[in-house]
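Asker: Sharing input28.cif below, mmCIF, C-alpha atoms:
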```cif
data_input
#
loop_
_atom_site.label_atom_id
_atom_site.label_comp_id
_atom_site.auth_asym_id
_atom_site.auth_seq_id
_atom_site.Cartn_x
_atom_site.Cartn_y
_atom_site.Cartn_z
CA MET A 1 -5.50 -10.75 4.27
CA ALA A 2 -5.30 -10.36 8.04
CA THR A 3 -8.52 -8.53 8.64
CA GLU A 4 -11.57 -8.51 10.83
CA ALA A 5 -13.83 -7.45 7.97
CA LYS A 6 -17.34 -8.86 8.05
CA ARG A 7 -17.57 -12.42 6.85
CA VAL A 8 -20.04 -13.74 4.30
CA LYS A 9 -22.35 -16.57 5.32
CA VAL A 10 -20.29 -19.73 5.66
CA GLY A 11 -22.74 -21.92 3.74
CA ASP A 12 -22.83 -19.61 0.73
CA ALA A 13 -19.06 -19.12 0.80
CA SER A 14 -18.39 -22.87 1.01
CA GLU A 15 -20.63 -23.51 -1.99
CA ARG A 16 -18.88 -20.84 -4.05
CA LEU A 17 -15.54 -22.29 -2.97
CA GLN A 18 -16.48 -25.75 -4.24
CA ASP A 19 -17.61 -24.27 -7.57
CA PHE A 20 -14.30 -22.43 -7.79
CA LEU A 21 -12.28 -25.59 -7.15
CA GLN A 22 -14.17 -27.36 -9.95
CA TRP A 23 -13.41 -24.39 -12.21
CA CYS A 24 -9.72 -24.71 -11.26
CA ASP A 25 -9.73 -28.32 -12.43
CA ARG A 26 -11.27 -27.30 -15.76
CA VAL A 27 -8.66 -24.58 -16.43
CA GLY A 28 -5.69 -26.74 -15.45
CA LEU A 29 -4.84 -25.12 -12.12
CA VAL A 30 -3.01 -27.75 -10.05
CA LEU A 31 -3.40 -27.66 -6.25
CA SER A 32 -1.10 -29.68 -3.99
CA LYS A 33 -2.80 -32.36 -1.89
CA LYS A 34 -0.98 -30.91 1.12
CA VAL A 35 -3.08 -27.71 1.16
CA CYS A 36 -6.75 -26.78 0.99
CA LEU A 37 -8.86 -23.66 0.66
CA SER A 38 -11.10 -22.92 3.62
CA THR A 39 -13.67 -20.47 4.95
CA GLU A 40 -12.86 -21.44 8.54
CA GLY A 41 -9.65 -21.30 10.55
CA THR A 42 -8.29 -18.44 8.43
CA VAL A 43 -7.91 -14.74 9.20
CA ALA A 44 -10.36 -13.61 6.49
CA ASP A 45 -13.33 -14.85 4.46
CA TYR A 46 -11.12 -17.22 2.50
CA GLY A 47 -7.67 -18.62 3.08
CA MET A 48 -5.42 -21.64 2.59
CA LEU A 49 -4.42 -24.17 5.23
CA ALA A 50 -1.73 -26.86 5.34
CA LYS A 51 -3.33 -30.34 5.49
CA GLU A 52 0.08 -31.92 6.14
CA ASP A 53 3.53 -30.75 7.21
CA ILE A 54 5.19 -28.84 4.35
CA GLU A 55 8.90 -28.39 3.73
CA GLU A 56 10.60 -25.28 2.38
CA GLY A 57 10.61 -25.13 -1.42
CA GLU A 58 7.48 -27.20 -2.04
CA ILE A 59 5.08 -26.11 -4.81
CA LEU A 60 1.67 -25.42 -3.28
CA PHE A 61 -0.16 -24.74 -6.53
CA THR A 62 0.54 -24.00 -10.19
CA ILE A 63 -1.55 -21.58 -12.27
CA PRO A 64 -1.34 -21.78 -16.08
CA ARG A 65 -1.05 -18.35 -17.68
CA SER A 66 -4.23 -19.05 -19.65
CA ALA A 67 -6.16 -18.90 -16.35
CA LEU A 68 -4.95 -15.36 -15.53
CA LEU A 69 -7.42 -12.54 -16.10
CA HIS A 70 -5.99 -9.41 -17.69
CA GLN A 71 -6.40 -7.17 -20.73
CA GLU A 72 -4.91 -9.74 -23.10
CA THR A 73 -6.92 -12.77 -21.93
CA THR A 74 -10.37 -11.21 -21.53
CA ASN A 75 -13.02 -11.89 -24.17
CA VAL A 76 -12.86 -8.20 -25.16
CA SER A 77 -9.07 -8.15 -25.55
CA GLY A 78 -9.22 -7.38 -29.27
CA LEU A 79 -11.26 -4.23 -28.72
CA LEU A 80 -9.09 -3.09 -25.80
CA LYS A 81 -5.99 -3.53 -27.95
CA LYS A 82 -7.57 -1.71 -30.90
CA GLU A 83 -8.48 1.32 -28.80
CA LYS A 84 -5.44 1.18 -26.52
CA SER A 85 -4.45 4.80 -27.15
CA SER A 86 -7.81 6.10 -25.91
CA LEU A 87 -7.53 4.10 -22.67
CA GLU A 88 -4.28 5.54 -21.38
CA SER A 89 -4.44 6.93 -17.86
CA SER A 90 -2.19 7.85 -14.95
CA SER A 91 -3.12 4.63 -13.14
CA GLY A 92 -2.59 2.34 -16.13
CA TRP A 93 -5.49 0.22 -14.84
CA VAL A 94 -8.28 1.17 -17.27
CA PRO A 95 -7.94 -1.83 -19.66
CA LEU A 96 -8.07 -4.32 -16.76
CA LEU A 97 -10.98 -2.48 -15.15
CA LEU A 98 -12.94 -2.49 -18.41
CA ALA A 99 -12.23 -6.21 -18.69
CA LEU A 100 -13.53 -6.71 -15.15
CA LEU A 101 -16.63 -4.60 -15.83
CA TYR A 102 -17.40 -6.90 -18.75
CA GLU A 103 -16.39 -10.26 -17.24
CA SER A 104 -18.10 -9.68 -13.88
CA THR A 105 -21.48 -8.99 -15.52
CA SER A 106 -21.40 -11.33 -18.52
CA PRO A 107 -23.29 -14.64 -18.01
CA GLU A 108 -20.92 -16.34 -20.48
CA SER A 109 -17.69 -15.11 -18.86
CA HIS A 110 -14.89 -17.66 -18.63
CA TRP A 111 -14.07 -16.19 -15.19
CA ARG A 112 -17.63 -15.94 -13.87
CA THR A 113 -17.16 -18.72 -11.28
CA TYR A 114 -13.90 -17.15 -10.07
CA LEU A 115 -15.35 -13.64 -9.81
CA SER A 116 -18.44 -15.01 -8.01
CA LEU A 117 -16.24 -15.54 -4.95
CA TRP A 118 -16.81 -11.82 -4.29
CA PRO A 119 -20.58 -11.30 -4.84
CA GLY A 120 -21.07 -7.81 -6.18
CA PHE A 121 -17.74 -6.86 -4.60
CA LYS A 122 -19.82 -5.61 -1.67
CA ALA A 123 -17.65 -7.10 1.10
CA LEU A 124 -14.67 -4.85 0.33
CA ASP A 125 -14.22 -2.43 3.22
CA HIS A 126 -11.42 -0.09 2.17
CA PRO A 127 -11.50 3.36 3.79
CA MET A 128 -12.74 4.72 0.45
CA PHE A 129 -16.09 3.08 1.34
CA TRP A 130 -16.24 4.66 4.79
CA SER A 131 -18.03 7.97 5.16
CA LYS A 132 -15.82 11.05 5.04
CA GLU A 133 -16.79 11.81 8.62
CA GLU A 134 -15.73 8.34 9.74
CA ARG A 135 -12.39 8.58 7.91
CA ASP A 136 -11.64 12.02 9.27
CA LYS A 137 -12.51 10.99 12.83
CA LEU A 138 -10.90 7.55 13.04
CA LEU A 139 -7.90 8.10 10.77
CA LYS A 140 -7.00 11.70 11.55
CA GLY A 141 -3.25 12.26 11.31
CA THR A 142 -2.49 8.92 9.64
CA GLY A 143 -2.37 10.27 6.07
CA ILE A 144 -5.12 7.89 4.90
CA PRO A 145 -7.97 10.44 4.56
CA GLU A 146 -5.81 12.55 2.24
CA ALA A 147 -4.79 9.49 0.19
CA VAL A 148 -8.42 8.37 -0.13
CA ALA A 149 -9.56 11.83 -1.21
CA THR A 150 -6.97 11.72 -3.98
CA ASP A 151 -8.06 8.21 -4.97
CA LEU A 152 -11.74 9.10 -5.21
CA SER A 153 -11.02 12.23 -7.23
CA ASN A 154 -8.82 10.27 -9.65
CA ILE A 155 -11.36 7.44 -9.96
CA GLN A 156 -14.20 9.82 -10.79
CA ARG A 157 -12.10 11.72 -13.32
CA GLU A 158 -10.88 8.49 -14.94
CA TYR A 159 -14.41 7.09 -15.19
CA THR A 160 -15.91 10.34 -16.52
CA ASP A 161 -13.15 11.24 -18.99
CA ILE A 162 -12.03 7.82 -20.26
CA VAL A 163 -14.25 4.91 -19.24
CA LEU A 164 -17.73 6.35 -19.80
CA PRO A 165 -17.00 7.67 -23.31
CA PHE A 166 -15.55 4.26 -24.21
CA ILE A 167 -18.62 2.47 -22.80
CA MET A 168 -20.95 4.75 -24.74
CA ARG A 169 -19.12 3.88 -27.97
CA HIS A 170 -19.71 0.16 -27.38
CA PRO A 171 -23.29 -0.33 -26.11
CA GLU A 172 -23.30 -3.92 -27.34
CA LEU A 173 -20.78 -4.82 -24.61
CA TRP A 174 -21.20 -2.28 -21.82
CA ASN A 175 -24.17 -0.41 -20.38
CA PRO A 176 -23.74 2.81 -18.35
CA ASN A 177 -26.77 1.81 -16.25
CA THR A 178 -25.02 -1.42 -15.26
CA HIS A 179 -21.38 -0.44 -15.47
CA THR A 180 -21.71 2.55 -13.18
CA LEU A 181 -19.20 4.71 -11.34
CA GLU A 182 -20.17 2.83 -8.17
CA LEU A 183 -19.28 -0.56 -9.69
CA TYR A 184 -16.13 0.92 -11.22
CA THR A 185 -15.03 2.19 -7.78
CA GLN A 186 -15.68 -1.24 -6.25
CA LEU A 187 -13.57 -2.85 -8.98
CA VAL A 188 -10.76 -0.35 -8.36
CA ALA A 189 -10.76 -1.53 -4.73
CA PHE A 190 -10.84 -5.14 -5.95
CA VAL A 191 -7.77 -4.54 -8.13
CA MET A 192 -6.03 -2.70 -5.29
CA ALA A 193 -6.62 -5.60 -2.91
CA TYR A 194 -6.29 -8.68 -5.09
CA SER A 195 -4.29 -8.00 -8.26
CA PHE A 196 -0.64 -8.83 -8.91
CA GLN A 197 2.02 -7.12 -11.00
CA GLU A 198 4.64 -9.24 -12.66
CA PRO A 199 8.15 -7.96 -11.88
CA GLN A 200 10.14 -6.51 -14.75
CA GLU A 201 12.75 -8.83 -16.22
CA GLU A 202 16.19 -8.01 -14.88
CA ASP A 203 18.25 -5.82 -17.19
CA ASP A 204 21.93 -4.97 -17.01
CA ASP A 205 21.16 -1.39 -18.05
CA GLU A 206 19.83 0.23 -14.85
CA ASP A 207 18.95 3.50 -16.60
CA ASP A 208 16.85 1.65 -19.19
CA GLU A 209 15.13 -0.32 -16.41
CA GLU A 210 14.14 2.87 -14.57
CA GLN A 211 12.50 4.26 -17.74
CA ARG A 212 10.36 1.18 -18.42
CA ALA A 213 6.74 1.36 -17.29
CA PRO A 214 5.68 -1.28 -14.77
CA ASN A 215 3.73 -4.25 -16.04
CA PRO A 216 -0.05 -3.75 -15.86
CA PRO A 217 -1.91 -5.48 -13.01
CA MET A 218 -3.61 -8.83 -13.50
CA MET A 219 -5.93 -11.10 -11.54
CA VAL A 220 -4.37 -14.39 -10.44
CA PRO A 221 -7.00 -16.95 -9.35
CA MET A 222 -6.03 -18.97 -6.27
CA ALA A 223 -3.01 -16.78 -5.48
CA ASP A 224 -5.36 -13.99 -4.44
CA MET A 225 -7.04 -16.32 -1.93
CA LEU A 226 -3.93 -16.27 0.25
CA ASN A 227 -3.82 -13.75 3.05
CA HIS A 228 -0.87 -11.53 4.01
CA ILE A 229 1.42 -11.17 6.96
CA SER A 230 4.88 -9.60 6.97
CA LYS A 231 6.41 -12.87 8.21
CA HIS A 232 4.96 -14.88 5.32
CA ASN A 233 5.61 -18.54 4.53
CA ALA A 234 4.95 -18.62 0.78
CA ASN A 235 5.87 -16.59 -2.28
CA LEU A 236 4.57 -16.34 -5.86
CA GLU A 237 7.06 -17.18 -8.60
CA PHE A 238 6.57 -16.08 -12.21
CA ASN A 239 7.58 -18.54 -14.93
CA PRO A 240 7.14 -18.40 -18.74
CA ASP A 241 4.18 -20.81 -18.85
CA SER A 242 2.79 -20.61 -15.34
CA LEU A 243 2.86 -18.99 -11.92
CA LYS A 244 3.75 -21.08 -8.87
CA MET A 245 3.17 -20.51 -5.18
CA VAL A 246 6.17 -21.93 -3.32
CA SER A 247 6.73 -22.38 0.41
CA VAL A 248 9.62 -20.28 1.71
CA ARG A 249 9.84 -21.97 5.10
CA PRO A 250 8.51 -25.17 6.71
CA MET A 251 4.84 -25.25 7.77
CA ARG A 252 3.08 -27.47 10.25
CA LYS A 253 -0.23 -29.20 9.63
CA GLY A 254 -3.10 -26.78 10.30
CA GLU A 255 -0.96 -23.66 9.76
CA GLU A 256 -2.35 -20.99 7.44
CA VAL A 257 -0.45 -20.33 4.23
CA PHE A 258 0.42 -16.64 3.91
CA ASN A 259 1.72 -14.76 0.90
CA THR A 260 3.27 -11.30 1.15
CA TYR A 261 2.08 -8.14 -0.56
CA GLY A 262 5.47 -6.53 0.04
CA GLN A 263 6.95 -4.49 2.87
CA MET A 264 3.80 -2.61 3.79
CA ALA A 265 3.12 -0.40 6.80
CA ASN A 266 -0.28 -0.75 8.44
CA TRP A 267 -1.51 2.53 6.96
CA GLN A 268 -0.66 1.20 3.48
CA LEU A 269 -2.36 -2.13 4.18
CA LEU A 270 -5.55 -0.42 5.34
CA HIS A 271 -5.54 2.08 2.48
CA MET A 272 -4.80 -0.44 -0.30
CA TYR A 273 -6.19 -3.71 1.03
CA GLY A 274 -8.70 -2.83 3.75
CA PHE A 275 -7.00 -4.61 6.66
CA THR A 276 -4.18 -4.25 9.19
CA GLU A 277 -1.79 -6.55 11.00
CA PRO A 278 -2.33 -6.58 14.78
CA TYR A 279 0.15 -4.45 16.70
CA PRO A 280 3.07 -5.19 17.13
CA GLU A 281 3.22 -7.98 14.52
CA ASN A 282 3.83 -5.73 11.51
CA SER A 283 7.61 -5.34 11.43
CA ASN A 284 7.26 -2.97 8.44
CA ASP A 285 5.18 -0.32 10.20
CA THR A 286 6.14 3.31 9.58
CA ALA A 287 5.19 6.86 10.52
CA ASP A 288 5.61 9.93 8.31
CA ILE A 289 6.80 13.36 9.34
CA PRO A 290 5.50 15.77 6.68
CA VAL A 291 8.01 18.23 5.25
CA ALA A 292 5.50 20.92 6.27
CA CYS A 293 6.09 20.02 9.94
CA LEU A 294 9.83 20.39 9.51
CA TYR A 295 9.14 23.78 7.91
CA GLN A 296 7.06 24.87 10.92
CA ALA A 297 9.72 23.60 13.32
CA ALA A 298 12.52 25.46 11.56
CA ALA A 299 10.45 28.65 11.15
CA GLN A 300 9.92 29.06 14.90
CA ASP A 301 13.26 30.84 15.37
CA ILE A 302 12.55 33.56 12.77
CA GLN A 303 12.48 36.99 14.39
CA SER A 304 12.51 39.46 11.48
CA GLU A 305 11.32 39.85 7.91
CA PRO A 306 14.86 39.59 6.43
CA GLU A 307 15.29 36.31 8.32
CA ARG A 308 11.94 35.16 6.91
CA GLN A 309 13.06 35.91 3.36
CA LEU A 310 16.35 34.05 3.84
CA PHE A 311 14.54 31.10 5.39
CA ASP A 312 11.99 30.90 2.57
CA GLU A 313 14.84 30.98 0.07
CA ARG A 314 16.43 27.99 1.79
CA PHE A 315 13.17 26.12 1.93
CA LYS A 316 12.55 26.76 -1.75
CA VAL A 317 15.88 25.09 -2.50
CA LEU A 318 14.98 22.25 -0.15
CA SER A 319 11.61 21.73 -1.87
CA GLN A 320 13.37 21.39 -5.20
CA MET A 321 15.69 18.75 -3.71
CA MET A 322 12.94 16.68 -2.05
CA GLU A 323 11.50 13.70 -3.91
CA ASN A 324 8.86 12.97 -1.26
CA ALA A 325 6.49 15.10 0.80
CA ALA A 326 7.44 13.39 4.05
CA PHE A 327 10.30 11.80 5.96
CA VAL A 328 9.56 8.16 6.75
CA PHE A 329 10.49 6.56 10.08
CA SER A 330 10.31 2.88 10.97
CA ASN A 331 10.76 1.13 14.30
CA HIS A 332 14.50 1.18 13.64
CA GLY A 333 15.13 4.73 12.43
CA CYS A 334 14.67 6.96 9.40
CA LEU A 335 14.11 5.17 6.08
CA THR A 336 14.57 8.38 4.08
CA ASP A 337 17.83 9.18 5.85
CA SER A 338 19.62 10.80 2.89
CA GLU A 339 16.78 13.25 2.33
CA LEU A 340 16.53 14.10 6.03
CA HIS A 341 20.30 14.53 6.24
CA SER A 342 20.26 16.97 3.29
CA ALA A 343 17.30 18.88 4.74
CA LEU A 344 18.86 19.33 8.18
CA LYS A 345 22.25 20.21 6.72
CA LEU A 346 20.65 22.89 4.52
CA LEU A 347 18.41 24.37 7.20
CA CYS A 348 21.10 24.51 9.88
CA MET A 349 24.02 25.85 7.83
CA SER A 350 25.24 29.42 8.34
CA GLN A 351 24.37 32.18 5.91
CA GLU A 352 27.90 32.07 4.54
CA GLU A 353 27.67 28.32 3.99
CA PHE A 354 24.31 28.73 2.26
CA SER A 355 25.69 31.40 -0.05
CA GLU A 356 28.56 29.09 -0.97
CA PHE A 357 26.12 26.21 -1.45
CA ARG A 358 23.99 28.32 -3.77
CA ASP A 359 26.95 29.64 -5.75
CA ASN A 360 28.32 26.13 -6.23
CA GLU A 361 24.83 24.77 -7.06
CA GLY A 362 25.18 22.22 -4.30
CA TRP A 363 27.83 21.04 -1.88
CA GLU A 364 30.88 18.96 -2.43
CA ASP A 365 30.78 15.40 -1.14
CA ASP A 366 32.65 14.90 2.08
CA ASP A 367 33.21 12.08 4.53
CA GLU A 368 30.03 12.96 6.43
CA ASP A 369 27.96 12.31 3.28
CA ASP A 370 28.89 8.62 3.09
CA ASP A 371 25.67 6.64 2.71
CA ASN A 372 26.58 4.09 5.36
CA LYS A 373 27.46 6.79 7.87
CA ILE A 374 24.23 8.66 7.15
CA SER A 375 22.21 5.48 7.59
CA GLN A 376 23.88 4.80 10.92
CA ALA A 377 23.47 8.41 12.08
CA PHE A 378 19.70 8.32 11.54
CA SER A 379 19.15 4.88 13.03
CA ASN A 380 17.69 4.60 16.52
CA GLU A 381 21.21 3.97 17.81
CA GLY A 382 22.67 7.02 16.08
CA LEU A 383 19.91 9.61 16.56
CA PRO A 384 20.87 10.58 20.15
CA ASP A 385 24.37 11.54 18.94
CA LEU A 386 23.25 13.95 16.19
CA LYS A 387 24.10 17.65 16.42
CA SER A 388 21.88 19.36 18.95
CA SER A 389 20.46 21.75 16.34
CA TRP A 390 19.44 18.78 14.17
CA LYS A 391 17.90 16.90 17.07
CA ARG A 392 15.90 19.97 18.06
CA LEU A 393 14.34 20.22 14.59
CA ILE A 394 13.55 16.49 14.47
CA HIS A 395 12.06 16.65 17.96
CA GLU A 396 9.86 19.64 17.18
CA ALA A 397 8.76 18.22 13.81
CA ALA A 398 7.77 14.96 15.52
CA ARG A 399 5.86 16.87 18.18
CA LEU A 400 3.98 18.86 15.53
CA THR A 401 3.19 15.67 13.64
CA LEU A 402 1.74 14.08 16.78
CA ARG A 403 -0.53 17.10 17.24
CA SER A 404 -2.18 16.29 13.88
CA TYR A 405 -3.74 13.16 15.42
CA GLY A 406 -5.87 15.32 17.71
CA ASP A 407 -4.83 13.32 20.75
CA ALA A 408 -1.03 13.23 20.72
CA GLU A 409 -0.71 11.06 23.81
CA LEU A 410 -0.30 7.30 23.73
CA GLU A 411 -2.16 6.35 26.88
CA SER A 412 -5.72 6.74 25.57
CA ASP A 413 -4.94 4.54 22.56
CA ARG A 414 -3.01 2.10 24.73
CA LYS A 415 -6.10 1.70 26.91
CA LEU A 416 -8.19 1.00 23.82
CA MET A 417 -5.62 -1.58 22.71
CA GLU A 418 -5.92 -3.31 26.08
CA ASP A 419 -9.70 -3.35 25.69
CA GLY A 420 -9.24 -4.60 22.13
CA ALA A 421 -11.60 -7.57 22.31
CA ASP A 422 -14.53 -5.32 23.20
CA LEU A 423 -13.63 -2.70 20.58
CA LYS A 424 -13.04 -5.35 17.94
CA GLY A 425 -16.49 -6.76 18.55
CA ARG A 426 -18.23 -3.40 18.40
CA SER A 427 -16.47 -1.88 15.40
CA SER A 428 -13.99 -3.53 13.08
CA ARG A 429 -13.27 -0.17 11.46
CA ARG A 430 -12.41 1.45 14.78
CA TRP A 431 -10.14 -1.48 15.61
CA ARG A 432 -8.25 -1.31 12.30
CA ALA A 433 -7.94 2.46 12.58
CA LEU A 434 -6.54 2.04 16.08
CA GLN A 435 -3.89 -0.41 14.83
CA VAL A 436 -2.70 2.19 12.32
CA ARG A 437 -2.85 5.15 14.68
CA PHE A 438 -1.20 3.43 17.64
CA GLY A 439 1.65 1.96 15.59
CA GLN A 440 2.47 5.35 14.09
CA LYS A 441 2.30 7.16 17.43
CA VAL A 442 4.59 4.60 19.07
CA ILE A 443 7.23 5.33 16.43
CA LEU A 444 6.83 9.11 16.82
CA HIS A 445 6.96 8.98 20.64
CA ARG A 446 10.13 6.90 20.45
CA LEU A 447 11.56 9.53 18.09
CA LEU A 448 10.74 12.23 20.67
CA GLU A 449 12.74 10.31 23.25
CA LEU A 450 15.71 9.72 20.95
CA SER A 451 15.86 13.36 19.85
CA ALA A 452 15.40 14.91 23.26
CA SER A 453 18.20 17.29 24.23
#
```
What would you get if you wrote out this structure as structure tokens?

Answerer:
Amino acid sequence: MATEAKRVKVGDASERLQDFLQWCDRVGLVLSKKVCLSTEGTVADYGMLAKEDIEEGEILFTIPRSALLHQETTNVSGLLKKEKSSLESSSGWVPLLLALLYESTSPESHWRTYLSLWPGFKALDHPMFWSKEERDKLLKGTGIPEAVATDLSNIQREYTDIVLPFIMRHPELWNPNTHTLELYTQLVAFVMAYSFQEPQEEDDDEDDEEQRAPNPPMMVPMADMLNHISKHNANLEFNPDSLKMVSVRPMRKGEEVFNTYGQMANWQLLHMYGFTEPYPENSNDTADIPVACLYQAAAQDIQSEPERQLFDERFKVLSQMMENAAFVFSNHGCLTDSELHSALKLLCMSQEEFSEFRDNEGWEDDDEDDDNKISQAFSNEGLPDLKSSWKRLIHEAARLTLRSYGDAELESDRKLMEDGADLKGRSSRRWRALQVRFGQKVILHRLLELSAS
């Protein structure tokens, strides 16, 4: 992962790496002679480098499914399966986390050498391990402090209500003095940062596919050593008997091998994985405009109590229509364009149109509601040509969103970006927070320009 997180001592890391490679040989994990794992020349503690030129489509390594660590391969799989109903949770991660609690502390664990690559899981530096004061100061306005608060609340509830009672029922395998909430939280971060989820098999019945629960996460040795960038050069393929990392474009000797964790904005990368891509390299960066800011923007024209009641009625309808709590903008326009289109159309319609909309329980589709036209209208190219009333609401909502950062201007952050080497050396956390904050504010400032009357 592309991070400036503190590195472990090179000597210790190299020794653990050699032990891991020997373990790979024992479990049948096949590594191409054209690549090598390294603690140097990579963007994080560990990474993979090309030892020779590599062509597109070459297999870099193959992992037998027997080497994967999940709830069905752990030494306590039988017990987890037997008590499956008592381990259900909103996250769906409890069985894997219980497996990790056991395997990471058992001297006889089949995966002990693999898990030893992360001693005590102490090097993880997700924002959940920052102090609340640090999160609130450095990440104000980004949405990360709120996401972390939700995470920590859910983790504590899951541990207290599900994990601890299970541990207490099986003292021969788990010990609450060893398998603490602190270790559980560290393992949650480990799963967030390093686990994989196998894609669902394609199904012709789209409705049936939407109803199926996602596959549970699993740990994939070797694959989780690869770091991420949006312009990656390798991809993990799932096969019946094994998983294979395959090059997706040519690589030169000495180049780092990068996997992708998906189309992730910097705030998502920092929240889930503890790192960011340097600005402006992350082509998937986004900024959110909360629905609450659109509410405030639209409410500014209210001049009487009857108008307030009518407005609140409209917004109640809008809240029922919205699937998300925010409108998402990228460097190219609005990614939630259909929702924003519906919101603006509802808020800006006349009282007569709203009455008709309510009586008809919605509006009839017309030419303006064509998905392609909506997408074009809310792209950077189309935004300046929107109705003036719509642009005004977008503009004001963006301005209100920028105020939530404390310092809405770009120049102070731009100066810090220019002095990046010094900041990076003094505080990795401040540097990563700046990458998130600056990328979001650039998008919002561009939106102000595009929506200006």

Asker: What lies within 12 Å of Leu187 (chain A) using all atoms listed in the file, ignoring chain neighbours under 3 positions off, as a ChimeraX atom specification?

Answerer: /A:93-94,96-105,115,118-124,126,155,159,179-184,190-195,219

Asker: For the file shown, what are the residues hit by the PyMOL selection byres ((chain A and resi 396) around 9), laid out as a PDB file with C-alpha atoms, in the frame of the given file?

Answerer:
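Output below, filename result.pdb:
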```
ATOM      1  CA  CYS A 293       6.090  20.020   9.940  1.00  0.00           C
ATOM      2  CA  LEU A 294       9.830  20.390   9.510  1.00  0.00           C
ATOM      3  CA  GLN A 296       7.060  24.870  10.920  1.00  0.00           C
ATOM      4  CA  ALA A 297       9.720  23.600  13.320  1.00  0.00           C
ATOM      5  CA  ALA A 298      12.520  25.460  11.560  1.00  0.00           C
ATOM      6  CA  LYS A 391      17.900  16.900  17.070  1.00  0.00           C
ATOM      7  CA  ARG A 392      15.900  19.970  18.060  1.00  0.00           C
ATOM      8  CA  LEU A 393      14.340  20.220  14.590  1.00  0.00           C
ATOM      9  CA  ILE A 394      13.550  16.490  14.470  1.00  0.00           C
ATOM     10  CA  HIS A 395      12.060  16.650  17.960  1.00  0.00           C
ATOM     11  CA  ALA A 397       8.760  18.220  13.810  1.00  0.00           C
ATOM     12  CA  ALA A 398       7.770  14.960  15.520  1.00  0.00           C
ATOM     13  CA  ARG A 399       5.860  16.870  18.180  1.00  0.00           C
ATOM     14  CA  LEU A 400       3.980  18.860  15.530  1.00  0.00           C
ATOM     15  CA  THR A 401       3.190  15.670  13.640  1.00  0.00           C
ATOM     16  CA  LEU A 448      10.740  12.230  20.670  1.00  0.00           C
TER      17      LEU A 448
END
```

Asker: Which is closest to Ala287 (chain A) among A:Gln300, A:Ser66, A:Asn331, A:Ser404, if we use all atoms listed in the file?

Answerer: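 Nearest candidate to Ala287 (chain A) out of A:Gln300, A:Ser66, A:Asn331, A:Ser404: A:Asn331.
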
Asker: Rounded to one decimal place, report the CA of Pro127 (chain A)-CA of Thr160 (chain A) distance in Å.

Answerer: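 Value for the CA of Pro127 (chain A)-CA of Thr160 (chain A) distance: 21.9 Å.
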
Asker: Which distance in Å separates CA of Ile289 (chain A) and CA of Asn360 (chain A), to one decimal?

Answerer: 29.5 Å

Asker: Please output region 149-157 of chain A, rebuilt to include N, CA, C and O atoms, as a PDB file, keeping the file's coordinate frame.

Answerer:
```pdb
ATOM      1  N   ALA A 149      -8.978  10.705  -0.475  1.00  0.00           N
ATOM      2  CA  ALA A 149      -9.560  11.830  -1.210  1.00  0.00           C
ATOM      3  C   ALA A 149      -8.946  11.927  -2.608  1.00  0.00           C
ATOM      4  O   ALA A 149      -9.653  12.156  -3.598  1.00  0.00           O
ATOM      5  N   THR A 150      -7.639  11.721  -2.687  1.00  0.00           N
ATOM      6  CA  THR A 150      -6.970  11.720  -3.980  1.00  0.00           C
ATOM      7  C   THR A 150      -7.449  10.573  -4.851  1.00  0.00           C
ATOM      8  O   THR A 150      -7.719  10.738  -6.042  1.00  0.00           O
ATOM      9  N   ASP A 151      -7.573   9.386  -4.241  1.00  0.00           N
ATOM     10  CA  ASP A 151      -8.060   8.210  -4.970  1.00  0.00           C
ATOM     11  C   ASP A 151      -9.434   8.464  -5.575  1.00  0.00           C
ATOM     12  O   ASP A 151      -9.661   8.214  -6.764  1.00  0.00           O
ATOM     13  N   LEU A 152     -10.368   8.920  -4.747  1.00  0.00           N
ATOM     14  CA  LEU A 152     -11.740   9.100  -5.210  1.00  0.00           C
ATOM     15  C   LEU A 152     -11.834  10.146  -6.302  1.00  0.00           C
ATOM     16  O   LEU A 152     -12.608   9.989  -7.259  1.00  0.00           O
ATOM     17  N   SER A 153     -11.042  11.198  -6.190  1.00  0.00           N
ATOM     18  CA  SER A 153     -11.020  12.230  -7.230  1.00  0.00           C
ATOM     19  C   SER A 153     -10.491  11.647  -8.540  1.00  0.00           C
ATOM     20  O   SER A 153     -11.051  11.888  -9.620  1.00  0.00           O
ATOM     21  N   ASN A 154      -9.412  10.872  -8.447  1.00  0.00           N
ATOM     22  CA  ASN A 154      -8.820  10.270  -9.650  1.00  0.00           C
ATOM     23  C   ASN A 154      -9.763   9.255 -10.293  1.00  0.00           C
ATOM     24  O   ASN A 154      -9.869   9.172 -11.517  1.00  0.00           O
ATOM     25  N   ILE A 155     -10.448   8.456  -9.448  1.00  0.00           N
ATOM     26  CA  ILE A 155     -11.360   7.440  -9.960  1.00  0.00           C
ATOM     27  C   ILE A 155     -12.515   8.094 -10.721  1.00  0.00           C
ATOM     28  O   ILE A 155     -12.881   7.666 -11.821  1.00  0.00           O
ATOM     29  N   GLN A 156     -13.087   9.145 -10.134  1.00  0.00           N
ATOM     30  CA  GLN A 156     -14.200   9.820 -10.790  1.00  0.00           C
ATOM     31  C   GLN A 156     -13.765  10.452 -12.100  1.00  0.00           C
ATOM     32  O   GLN A 156     -14.472  10.354 -13.124  1.00  0.00           O
ATOM     33  N   ARG A 157     -12.598  11.087 -12.092  1.00  0.00           N
ATOM     34  CA  ARG A 157     -12.100  11.720 -13.320  1.00  0.00           C
ATOM     35  C   ARG A 157     -11.816  10.671 -14.394  1.00  0.00           C
ATOM     36  O   ARG A 157     -12.144  10.859 -15.567  1.00  0.00           O
TER      37      ARG A 157
END
```
